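Chemist: Pasting a structure here, questions to come.
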4 protein chains.
Amino acid sequence: MKTGAEYLSSLRDGRSVYLQGTKVEDVTTHPGLREAAEWVADGYDRFHSGEAGAFHPMYELPRSAEDLRRRMRVLEESDFTASTSAVGLALLTAAPSLAKADPVYALRAKDYFEHARAEDLRMAEVITDAKGNRALPPSAQDDPDLYLRVVERSSEGLVVSGAKFHITGGPVVHELVVMPTKRMKAGEGDYAVAFAVPANAPGVTMISTSYAPKGDDVRHYPVSGRFSMPEAMVVFDRVLVPWDRVFLDGEVAQSAVLAHSLGLWERLSGIADMAHLADLLVGAAQLVAEYNGTAGIAHIREKIAEMAIYATMVRASLEAALTHSEETEDGMVFPSELFTNAGKFYGASEYHLMVRHLHDIAGASVITAPTMADFDNPDLNGYISKYLRTMEGVDAERRMRVFHLIRDLTADALGGWHQVANIQSGGGLFAQRLVAKNHYDIDHARGLAMEAAGIAKGGE
Amino acid sequence: MKTGAEYLSSLRDGRSVYLQGTKVEDVTTHPGLREAAEWVADGYDRFHSGEAGAFHPMYELPRSAEDLRRRMRVLEESDFTASTSAVGLALLTAAPSLAKADPVYALRAKDYFEHARAEDLRMAEVITDAKGNRALPPSAQDDPDLYLRVVERSSEGLVVSGAKFHITGGPVVHELVVMPTKRMKAGEGDYAVAFAVPANAPGVTMISTSYAPKGDDVRHYPVSGRFSMPEAMVVFDRVLVPWDRVFLDGEVAQSAVLAHSLGLWERLSGIADMAHLADLLVGAAQLVAEYNGTAGIAHIREKIAEMAIYATMVRASLEAALTHSEETEDGMVFPSELFTNAGKFYGASEYHLMVRHLHDIAGASVITAPTMADFDNPDLNGYISKYLRTMEGVDAERRMRVFHLIRDLTADALGGWHQVANIQSGGGLFAQRLVAKNHYDIDHARGLAMEAAGIAKGGE
Amino acid sequence: MKTGAEYLSSLRDGRSVYLQGTKVEDVTTHPGLREAAEWVADGYDRFHSGEAGAFHPMYELPRSAEDLRRRMRVLEESDFTASTSAVGLALLTAAPSLAKADPVYALRAKDYFEHARAEDLRMAEVITDAKGNRALPPSAQDDPDLYLRVVERSSEGLVVSGAKFHITGGPVVHELVVMPTKRMKAGEGDYAVAFAVPANAPGVTMISTSYAPKGDDVRHYPVSGRFSMPEAMVVFDRVLVPWDRVFLDGEVAQSAVLAHSLGLWERLSGIADMAHLADLLVGAAQLVAEYNGTAGIAHIREKIAEMAIYATMVRASLEAALTHSEETEDGMVFPSELFTNAGKFYGASEYHLMVRHLHDIAGASVITAPTMADFDNPDLNGYISKYLRTMEGVDAERRMRVFHLIRDLTADALGGWHQVANIQSGGGLFAQRLVAKNHYDIDHARGLAMEAAGIAKGGE
Amino acid sequence: MKTGAEYLSSLRDGRSVYLQGTKVEDVTTHPGLREAAEWVADGYDRFHSGEAGAFHPMYELPRSAEDLRRRMRVLEESDFTASTSAVGLALLTAAPSLAKADPVYALRAKDYFEHARAEDLRMAEVITDAKGNRALPPSAQDDPDLYLRVVERSSEGLVVSGAKFHITGGPVVHELVVMPTKRMKAGEGDYAVAFAVPANAPGVTMISTSYAPKGDDVRHYPVSGRFSMPEAMVVFDRVLVPWDRVFLDGEVAQSAVLAHSLGLWERLSGIADMAHLADLLVGAAQLVAEYNGTAGIAHIREKIAEMAIYATMVRASLEAALTHSEETEDGMVFPSELFTNAGKFYGASEYHLMVRHLHDIAGASVITAPTMADFDNPDLNGYISKYLRTMEGVDAERRMRVFHLIRDLTADALGGWHQVANIQSGGGLFAQRLVAKNHYDIDHARGLAMEAAGIAKGGE
């Protein structure tokens with residue numbers, strides 16, 4: 001297993017990363033990216049073991065609901081490992097289906113998983129294509145590269161071109177695991193391609209964005225100043241993929257398998273993240289109400305209660321998904337699609353209301369509280385100390401910290417990121433809703449209605 | 001165990017029941033009540049066993065989450081047993097607390113449970129007082145009977161007076177299990193009284209209401225025409241309660257224990273009922289969309305999906321409540337308060353939106369479809385057959401049946417009952433919300449926020 | 001002008017009306033219909049004038065926003081005249097467009113309007129077809145009559161067949177004014193037909209439904225027992241329409257004109273009705289809270305406030321629609337399409353939440369309060385008087401009356417009718433939403449966004 | 001009237017302003033504040049007239065609903081004048097009430113208004129106190145300055161100390177118009193103080209915050225990079241107020257009058273702003289849907305329609321408030337309290353849902369689109385041009401601009417400001433709700449319910 005320092009060192013590999021218009025020489029030191037690298041490095045150190053054969057717990061295969069439950073706790077308390085975990089399990093869950101296209105795909109997927117486990121790698125999920133005009137399929141776009149595709153095949157491997165969007169963590173992982181964004185149709189074989197390449201593969205360029213505060217006083221950003229993860233637009237410009245890293249090449253029938261498997265694992269960690277964030281928002285609401293002296297007011301208590309119920313219902317969907325986990329032929333378990341997807345939709349669709357409650361409880365100081373730099377200025381310190389405190393035990397500093405926390409989490413760049421990401425991860429609310437429905441037992445429900453209506457089933 | 005016929009016979013016991021202003025001589029034959037009695041009788045027959053010592057599965061004590069899960073299936077597939085089940089378990093769950101007031105209370109509660117099991121009785125939950133002016137406590141009402149109270153004590157037992165409202169199933173059960181509606185205060189000992197009396201005890205009068213269609217063509221009410229359960233206002237006019245049926249008498253410290261225990265079990269079956277009803281509504285939505293030829297339209301599919309997600313989230317809360325069940329000292333398990341209460345609030349508060357979706361999908365024929373009597377009239381049959389059908393395989397009759405089902409379930413007397421009962425069972429949305437919050441780990445959430453804000457815990 | 005008695009007499013005209021499977025000999029005396037006839041008759045008497053040339057104010061043409069505002073007050077305070085008013089104005093508003101198809105149509109429409117004014121008639125809007133399979137157009141249905149159509153033309157007039165659904169008030173009006181339900185396409189000329197026929201025209205059959213309490217104690221239904229309006233499925237079986245009552249025959253280009261004009265006037269009275277109903281629900285909420293002693297509780301006041309805001313916002317849309325009324329070439333004014341349709345959607349989509357608030361405030365006695373017959377029974381009167389009262393000044397009777405009002409309005413047959421009708425009148429929420437959008441100035445909004453984004457308009 | 005340049009020059013008056021911990025020497029050049037000063041300066045130039053006696057249209061007194069409507073258009077199309085407008089009208093609307101305390105207050109208020117008009121001044125609303133522990137009144141705080149108060153009175157005037165929070169535009173106005181934040185009680189006379197002082201008065205310190213992008217590429221912030229308005233915490237440290245600027249001093253009975261008057265005008269411009277912002281969001285939604293190729297998809301159109309309805313309903317409340325404006329004794333008109341407050345609550349409470357719809361429509365590129373600096377980099381320009389474009393006519397640049405617009409408006413610092421400010425301006429949702437209700441005619445509604453329930457009014 002790698003140490004944090006080894007991990008940081010491994011990122012200095014010549015990768016081509018840009019942020020805000022300039023090339024980043026070293027992602028481990030560049031403001032806006034280094035925070036992400038350090039966050040991941042911390043995770044390495046926390047789980048590090050020098051024992052031979054040791055590996056990170058997320059590389060363990062879940063064999064029971066209890067295994068899954070334990071895994072979720074590891075993910076919750078740890079660094080950015082969700083995408084690595086999801087990619088790994090997706091490859092294994094999809095392997096039987098990939099084997100139907102060609103048994104070699106399944107073998108390569110398993111080999112790759114073992115390689116990643118042995119080398120203690122971190123991987124990004126690389127799915128969403130540029131897509132061009134959404135009203136047209138890949139093959140009808142006026143630029144054929146608007147979906148990533150195979151542009152050449154040789155004895156060495158595939159050559160691919162295209163761009164993938166919204167690649168969380170791209171600049172700070174070792175590997176990019178690429179898969180088609182949706183089911184391809186007959187004649188779109190060049191788009192039905194899945195593979196892995198290192199982040200520094202020739203022809204790969206990452207154009208990053210980050211909600212990390214750049215140049216600002218980090219104390220004004222108690223969360224995003226410490227923990228941030230960049231997104232990247234990843235361009236593949238005639239990138240060579242060696243055959244042993246190709247997991248699909250041309251079989252449109254299997255083109256959606258990987259995205260589907262990945263989606264489930266991603267949404268599972270999505271609901272875990274939403275439950276954690278929800279608890280944090282409930283806590284912030286309670287804290288600011290206490291500090292303001294409003295915790296006893298009926299409508300404040302009511303709003304905090306609604307937030308707590310939201311957090312609990314998101315967690316209920318996670319619990320139900322684990323309790324009703326299912327098993328693959330290989331004996332690996334995966335969570336219930338129904339409960340996972342319903343929880344993802346519920347959590348994303350009600351999130352904005354929780355933020356509204358929090359803002360309603362906290363008051364306008366969320367956006368107008370002085371900064372810690374103001375507090376440090378001797379001209380102002382007396383004024384701020386006097387007027388921001390509220391009562392015995394609640395001094396100005398702790399109250400300001402809570403306002404900054406709330407602003408950072410919900411009313412500034414990170415807050416915007418949460419709002420958009422909650423909705424968009426898992427394909428937008430529309431997609432989440434329909435995926436959830438597809439796993440609902442509509443025939444059972446229909447049968448209940450027929451029986452209640454007095455319509456003979458046989459008469460159908 | 002009793003047969004259905006034995007149960008029906010046992011109801012002819014001289015009980016004093018009124019419906020719509022007239023006294024009911026026999027609840028098993030009176031329209032508006034007999035449907036309820038027959039429904040319960042069917043349940044007796046379904047679970048009947050002649051074996052010595054056999055008893056209904058709801059009298060089995062749950063010793064594990066799996067036991068609870070099995071129990072929920074029994075309740076879901078069976079007749080009106082939820083209140084009997086809840087009362088029984090509430091007595092046992094509360095017993096250790098009652099024992100603190102006086103060990104004899106706990107013994108009587110257990111004896112009573114065994115008696116009910118042996119006799120295969122059905123019991124009603126009798127809680128809500130008349131309450132008078134809600135702004136005043138029991139002891140400050142201008143009429144002291146506005147909360148049920150002990151008016152006399154003798155060697156034979158207690159004498160009580162008062163009225164209890166919204167007693168579901170009262171007219172068709174054997175026993176009334178009475179408990180205080182809320183925590184009483186010092187000096188309100190006469191109101192801190194819990195006991196059981198038979199439904200035909202002298203001095204007990206039940207004034208019933210029912211959503212059963214009275215005198216109308218039952219085919220216009222496919223559900224409420226077959227399954228209905230009356231509510232009753234139960235008046236206690238100097239009713240004698242023998243000592244061995246007294247479970248609390250004067251100890252205000254324990255006055256809320258029974259209602260609290262009962263509430264949990266009642267809300268658990270509440271979420272199970274809501275999940276079942278939700279599935280039925282989803283099925284009705286799907287069926288009517290298919291029959292109308294609109295099942296493929298995007299916004300219709302979207303609404304059905306939201307209904308399915310609602311049903312799934314209610315069920316998720318049930319599943320999470322069972323998975324996280326806890327154990328009493330006696331080794332009996334009970335569901336998680338947190339998940340049960342959160343699910344109850346969520347299900348009740350979003351129910352109206354599901355009904356709106358269903359009405360939106362179904363169309364105005366929900367309220368304007370001809371009756372089955374119209375269909376039978378030879379002058380009209382041809383017209384209705386011609387114009388109510390929509391396509392090959394969807395004839396007028398089955399389409400009308402679905403419209404009547406939807407109207408009966410959601411837009412007529414039973415529909416109104418569901419809307420009000422969903423909200424009011426469990427004490428109104430306000431109470432449900434706060435009960436849920438009381439079981440939420442607010443300290444954990446608060447700690448998360450303090451840590452994220454950079455506020456030292458020690459500094460508190 | 002007619003008196004109420006003359007109106008009632010005019011309904012005994014041999015019309016073919018059915019209710020619950022039996023033929024109605026006289027709609028003015030039949031339970032379930034007579035209440036409607038009497039309600040309309042009252043309206044005749046209230047506005048009656050013996051002066052020559054006098055006519056009902058709804059037959060006055062609005063020439064200014066102030067005229068419209070006055071008209072809305074007349075409709076609000078009066079009997080069932082909304083559909084007559086809407087039909088009349090729709091014919092006149094549509095006349096210029098109908099003239100494009102054939103000038104004679106416009107002349108006939110105006111003649112007909114004057115005839116109706118002179119004879120003081122009441123008319124029903126007859127629009128919605130049977131529709132069969134909604135996935136198919138009229139001409140592709142397997143039964144060509146599933147949309148009403150011309151089956152023959154002669155020197156006397158048209159002969160039509162088909163059925164029209166959800167015809168509010170059909171059994172108690174003089175005239176049926178029929179128009180196509182939607183825009184017809186080329187080749188569907190036989191479906192592009194608009195006309196008027198008397199309610200007793202040979203070949204017309206009305207199959208009625210009613211939320212009027214049938215046979216029950218009317219005191220249990222304080223609103224629907226006094227005011228009810230039937231719906232009817234109206235069958236046209238080879239009905240002859242004389243030429244001077246034909247307003248469109250075959251011109252598909254104009255087929256949607258009448259329904260569109262009518263829709264606007266109907267939705268205008270729809271928002272006025274919703275505003276009135278909302279005020280009534282707010283009042284009921286306030287009253288029941290006072291009677292329960294809960295009017296001072298924070299969350300109760302908050303919910304009543306939200307209901308009052310809903311009522312106010314519906315009324316705001318009405319006011320804005322009137323203030324921004326527009327003028328036809330003939331100088332007649334009509335309300336703003338934008339504000340009318342937005343208000344209709346808002347009012348319908350939020351209505352369920354108001355009902356939830358009302359149920360939450362009122363408590364379970366909405367569904368369990370004894371009936372007035374119970375109250376009359378000397379065995380029960382003492383108990384009910386004692387236990388349903390709450391405080392000095394709030395006796396059992398008035399409290400029961402409020403519970404029955406709430407149940408009747410929101411949790412029984414009339415309540416179901418309101419819930420469905422609110423959503424379905426105006427074509428379902430989906431249609432209302434899109435109609436509203438079509439009148440929104442999207443180009444202006446788009447321009448604002450381009451300017452804010454720094455995108456040159458010229459560059460488009 | 002002043003020109004923009006004269007205005008800017010007038011701000012260099014030695015005022016004590018801080019931003020992010022450092023003192024600002026010149027607010028007209030300091031990044032984070034200069035944008036605000038320039039925005040206001042532009043407004044000066046737009047309305048400038050050299051004619052003697054000319055004044056800004058916002059200083060015109062509204063004498064009719066039509067005047068008000070015209071005024072709203074001026075405010076909508078112009079610079080930051082809303083607070084100056086509100087302060088001016090609030091002083092005049094409150095004058096008759098202030099005169100009841102002492103006629104001299106009313107005279108001073110009118111003199112001050114005329115002075116401000118003649119000098120073409122800009123004023124800030126200075127209301128919200130520090131407040132300390134919200135559970136305690138001003139006089140019970142452990143620090144008496146937690147509400148601003150008179151600490152000394154002399155022949156020259158009052159001396160005041162305290163702090164006021166959330167003072168929008170403070171650093172760039174000429175005058176601070178200070179009033180009590182709420183109704184004071186007997187014994188709290190020192191807190192019942194209203195007055196005006198120049199922004200550079202000795203003892204006044206402003207600690208500013210701003211959502212203006214500081215140091216970042218302004219093109220990434222198409223709105224907040226051009227238009228921003230700082231908030232300030234304004235400290236009054238023994239500030240002398242000459243008597244002719246004192247509008248209230250000690251009369252607790254009148255202490256709420258000014259805040260009440262101001263609140264109405266502020267909320268009126270609040271709904272106008274929300275309507276404008278809503279139109280902008282609808283436009284952004286439409287534009288991004290077109291650019292993505294999704295404008296024809298059913299659920300996208302539906303969401304845009306809901307956004308358009310929201311914008312229309314907010315505007316309806318504004319229109320209704322103007323149509324139903326009322327008149328003071330002096331003949332000045334003011335908008336309807338009922339419609340203004342209902343609209344404010346509606347707009348604020350539904351705003352989050354509109355943002356959710358916009359994010360759902362736009363996609364994740366809102367948070368991941370490259371910056372314009374990336375676009376300028378020749379290494380990246382080709383990639384971005386190729387992969388961000390979607391179709392003929394939609395190049396990468398215009399698409400990026402729309403994503404940045406949406407992020408800036410709804411998912412970054414300005415977006416957070418909007419979310420919080422929408423809810424908090426007007427006192428939080430709870431206060432808005434109850435203020436709206438206080439102006440609703442509950443007695444009328446109650447009367448409707450009594451009549452419908454059959455309860456005699458006389459019996460009350």
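Residue numbering restarts at 1 in every chain; chains get A, B, ... in the order shown in the structure tokens, and ligands count up from 1 in that same order.
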Compute the set of chain C residues within 7 Å of chain B, using only C-alpha atoms, and express it as a PyMOL selection string.

Modeler: chain C and resi 20-21+130+132-135+146+163+166+207+209+231-232+292-294+352-353+356+359-360+363-364+367-368+370-371+373-374+377+387-391+410-413+415-417+420-421+423-424+428-429

Chemist: Name the residues in contact with range 172-182 of chain C at a cut-off of 9 Å, using only C-alpha atoms, excluding same-chain residues fewer than 2 positions from it; report them as a PyMOL selection string.

Modeler: chain C and resi 8+10-11+27-28+33-34+36-37+40+84+87+116+121-129+147-148+164+169-170+184+191-200+229-230+247-248+255-260

Chemist: With a distance cut-off of 10 Å and only C-alpha atoms, select the neighbouring residues of Ala5 in chain C, excluding the residue or stretch itself and same-chain residues fewer than 5 positions from it, and output the selection as a PyMOL selection string.

Modeler: chain C and resi 10+38+41-42+44-45

Chemist: Considering only C-alpha atoms, return as a list in words whatever protein or nucleic-acid residues lie within 12 Å of Asp443 in chain C, sequence-local ones (same chain, fewer than 4 positions apart) excluded.

Modeler: Lys437, Asn438, His439, Gly447, Leu448, Ala449, Met450 and Lys457 of chain C; Asp279, Leu280, Val282, Gly283, Ala284, Ala285, Gln286, Leu287 and Ala308 of chain D

Chemist: Create the file for the chosen residues now, containing N, CA and C atoms and written as a short mmCIF file (atom, residue, chain, number, x, y, z; two decimals), in the first residue's frame.

Modeler:
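Writing done, so here's part01.cif:
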```cif
data_model
loop_
_atom_site.label_atom_id
_atom_site.label_comp_id
_atom_site.auth_asym_id
_atom_site.auth_seq_id
_atom_site.Cartn_x
_atom_site.Cartn_y
_atom_site.Cartn_z
N LYS C 437 -47.73 28.93 -20.40
CA LYS C 437 -46.43 29.27 -20.97
C LYS C 437 -46.56 29.90 -22.35
N ASN C 438 -47.51 29.42 -23.13
CA ASN C 438 -47.65 29.95 -24.49
C ASN C 438 -47.95 31.43 -24.50
N HIS C 439 -48.49 31.95 -23.41
CA HIS C 439 -48.81 33.36 -23.38
C HIS C 439 -47.75 34.18 -22.63
N GLY C 447 -34.16 37.47 -24.13
CA GLY C 447 -33.34 38.66 -24.38
C GLY C 447 -32.64 39.14 -23.12
N LEU C 448 -33.36 39.11 -22.01
CA LEU C 448 -32.74 39.47 -20.73
C LEU C 448 -31.54 38.58 -20.44
N ALA C 449 -31.72 37.28 -20.69
CA ALA C 449 -30.65 36.33 -20.39
C ALA C 449 -29.46 36.54 -21.32
N MET C 450 -29.73 36.78 -22.59
CA MET C 450 -28.61 37.01 -23.52
C MET C 450 -27.83 38.25 -23.12
N LYS C 457 -26.98 40.19 -29.23
CA LYS C 457 -28.21 39.77 -29.90
C LYS C 457 -28.00 39.67 -31.39
N ASP D 279 -37.91 36.42 -14.51
CA ASP D 279 -37.91 36.47 -15.98
C ASP D 279 -36.52 36.13 -16.53
N LEU D 280 -35.51 36.64 -15.85
CA LEU D 280 -34.14 36.36 -16.28
C LEU D 280 -33.82 34.87 -16.18
N VAL D 282 -36.02 32.41 -16.29
CA VAL D 282 -36.78 31.72 -17.35
C VAL D 282 -36.03 31.85 -18.67
N GLY D 283 -35.55 33.05 -18.95
CA GLY D 283 -34.82 33.25 -20.19
C GLY D 283 -33.56 32.40 -20.25
N ALA D 284 -32.85 32.32 -19.14
CA ALA D 284 -31.64 31.50 -19.10
C ALA D 284 -31.98 30.03 -19.32
N ALA D 285 -33.09 29.60 -18.74
CA ALA D 285 -33.51 28.20 -18.90
C ALA D 285 -33.83 27.92 -20.38
N GLN D 286 -34.55 28.84 -21.00
CA GLN D 286 -34.93 28.65 -22.40
C GLN D 286 -33.68 28.63 -23.28
N LEU D 287 -32.77 29.55 -23.01
CA LEU D 287 -31.57 29.68 -23.82
C LEU D 287 -30.70 28.43 -23.71
N ALA D 308 -42.06 29.97 -15.74
CA ALA D 308 -42.77 31.13 -16.30
C ALA D 308 -44.02 31.43 -15.47
#
```

Chemist: Please report the interatomic distance between CA of Asp249 in chain B and CA of Thr93 in chain B in Å with one decimal.

Modeler: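 Between these atoms lies a distance of 18.4 Å.
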
Chemist: Please report, as an NGL selection string, each residue of range 19-222 of chain C to which DSSP assigns strand (DSSP E or B) when run on this structure's backbone.

Modeler: :C and (19 or 22-23 or 123-126 or 129 or 149-153 or 157-164 or 175-178 or 193-198 or 204-209)

Chemist: Could you please take those selected residues and save N, CA and C atoms as a compact mmCIF listing (two decimals), in the first residue's frame?

Modeler:
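Writing done, so here's again-v5.txt:
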```txt
# COMPACT_ATOMS: atom_id res chain seq x y z
N LEU C 19 -80.56 9.18 -14.05
CA LEU C 19 -79.69 9.31 -12.87
C LEU C 19 -79.66 7.98 -12.14
N THR C 22 -81.92 5.07 -13.56
CA THR C 22 -83.34 5.19 -13.84
C THR C 22 -83.64 6.51 -14.55
N LYS C 23 -84.70 6.48 -15.34
CA LYS C 23 -85.08 7.66 -16.10
C LYS C 23 -85.74 8.66 -15.16
N MET C 123 -77.35 27.99 -20.66
CA MET C 123 -76.69 27.12 -21.63
C MET C 123 -75.57 26.33 -20.98
N ALA C 124 -75.31 25.14 -21.50
CA ALA C 124 -74.16 24.35 -21.02
C ALA C 124 -73.07 24.36 -22.07
N GLU C 125 -71.83 24.30 -21.59
CA GLU C 125 -70.65 24.15 -22.46
C GLU C 125 -70.51 22.66 -22.77
N VAL C 126 -70.49 22.31 -24.02
CA VAL C 126 -70.47 20.89 -24.40
C VAL C 126 -69.25 20.67 -25.28
N ASP C 129 -65.03 15.27 -25.85
CA ASP C 129 -65.50 14.06 -26.52
C ASP C 129 -65.18 12.82 -25.71
N ARG C 149 -69.41 13.77 -34.48
CA ARG C 149 -69.18 14.11 -35.89
C ARG C 149 -70.48 14.24 -36.65
N VAL C 150 -70.37 14.83 -37.80
CA VAL C 150 -71.50 14.93 -38.73
C VAL C 150 -71.64 13.59 -39.44
N VAL C 151 -72.83 13.04 -39.34
CA VAL C 151 -73.03 11.76 -40.05
C VAL C 151 -73.90 11.94 -41.29
N GLU C 152 -74.51 13.10 -41.39
CA GLU C 152 -75.36 13.35 -42.57
C GLU C 152 -75.60 14.84 -42.69
N ARG C 153 -75.79 15.29 -43.92
CA ARG C 153 -76.16 16.68 -44.16
C ARG C 153 -77.37 16.70 -45.06
N GLY C 157 -80.57 20.52 -42.29
CA GLY C 157 -79.45 20.80 -41.40
C GLY C 157 -78.49 19.62 -41.33
N LEU C 158 -77.71 19.62 -40.25
CA LEU C 158 -76.76 18.54 -40.02
C LEU C 158 -77.38 17.45 -39.17
N VAL C 159 -76.89 16.25 -39.33
CA VAL C 159 -77.23 15.19 -38.38
C VAL C 159 -75.91 14.76 -37.72
N VAL C 160 -75.90 14.77 -36.39
CA VAL C 160 -74.65 14.47 -35.67
C VAL C 160 -74.81 13.28 -34.73
N SER C 161 -73.70 12.57 -34.52
CA SER C 161 -73.65 11.48 -33.55
C SER C 161 -72.36 11.56 -32.75
N GLY C 162 -72.44 11.07 -31.53
CA GLY C 162 -71.27 11.07 -30.65
C GLY C 162 -71.71 11.28 -29.22
N ALA C 163 -70.70 11.41 -28.35
CA ALA C 163 -71.03 11.65 -26.94
C ALA C 163 -70.08 12.69 -26.39
N LYS C 164 -70.61 13.52 -25.50
CA LYS C 164 -69.79 14.55 -24.87
C LYS C 164 -69.82 14.30 -23.36
N GLU C 175 -80.16 24.92 -23.24
CA GLU C 175 -79.47 24.74 -24.51
C GLU C 175 -78.12 24.08 -24.31
N LEU C 176 -77.77 23.25 -25.28
CA LEU C 176 -76.46 22.63 -25.32
C LEU C 176 -75.66 23.29 -26.44
N VAL C 177 -74.57 23.93 -26.09
CA VAL C 177 -73.75 24.59 -27.10
C VAL C 177 -72.50 23.73 -27.30
N VAL C 178 -72.43 23.14 -28.49
CA VAL C 178 -71.46 22.07 -28.75
C VAL C 178 -70.32 22.60 -29.61
N VAL C 193 -67.13 20.59 -36.07
CA VAL C 193 -68.53 21.00 -36.10
C VAL C 193 -68.92 21.64 -34.77
N ALA C 194 -69.57 22.82 -34.90
CA ALA C 194 -70.05 23.53 -33.70
C ALA C 194 -71.49 23.93 -33.94
N PHE C 195 -72.28 23.85 -32.88
CA PHE C 195 -73.71 24.12 -33.05
C PHE C 195 -74.40 24.24 -31.70
N ALA C 196 -75.68 24.60 -31.75
CA ALA C 196 -76.48 24.60 -30.53
C ALA C 196 -77.78 23.83 -30.79
N VAL C 197 -78.18 23.06 -29.77
CA VAL C 197 -79.50 22.39 -29.83
C VAL C 197 -80.16 22.51 -28.46
N PRO C 198 -81.49 22.47 -28.42
CA PRO C 198 -82.17 22.47 -27.12
C PRO C 198 -81.87 21.18 -26.38
N VAL C 204 -81.09 13.25 -28.09
CA VAL C 204 -80.18 13.64 -27.01
C VAL C 204 -80.55 12.88 -25.73
N THR C 205 -79.57 12.21 -25.13
CA THR C 205 -79.76 11.50 -23.86
C THR C 205 -78.69 11.95 -22.87
N MET C 206 -79.12 12.28 -21.66
CA MET C 206 -78.15 12.71 -20.64
C MET C 206 -78.08 11.68 -19.51
N ILE C 207 -76.89 11.16 -19.28
CA ILE C 207 -76.67 10.22 -18.17
C ILE C 207 -75.95 11.00 -17.08
N SER C 208 -76.69 11.27 -16.00
CA SER C 208 -76.19 12.23 -15.01
C SER C 208 -75.47 11.56 -13.85
N THR C 209 -74.60 12.34 -13.23
CA THR C 209 -74.06 11.98 -11.91
C THR C 209 -74.17 13.22 -11.05
```

Chemist: List every residue of range 133-324 of chain D that DSSP, applied to the backbone of this structure, places in helix (DSSP H, G or I), and write the result as a PyMOL selection string.

Modeler: chain D and resi 138-140+144-146+170-172+189-191+218-220+243-245+252-254+257-292+298-323

Chemist: Pick out the closest residue to Glu6 in chain C from this set: C:Ala320, C:Pro103, C:His48, C:Val402. Count only C-alpha atoms.

Modeler: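 Checking each candidate against Glu6 in chain C, we get C:His48 as the closest.
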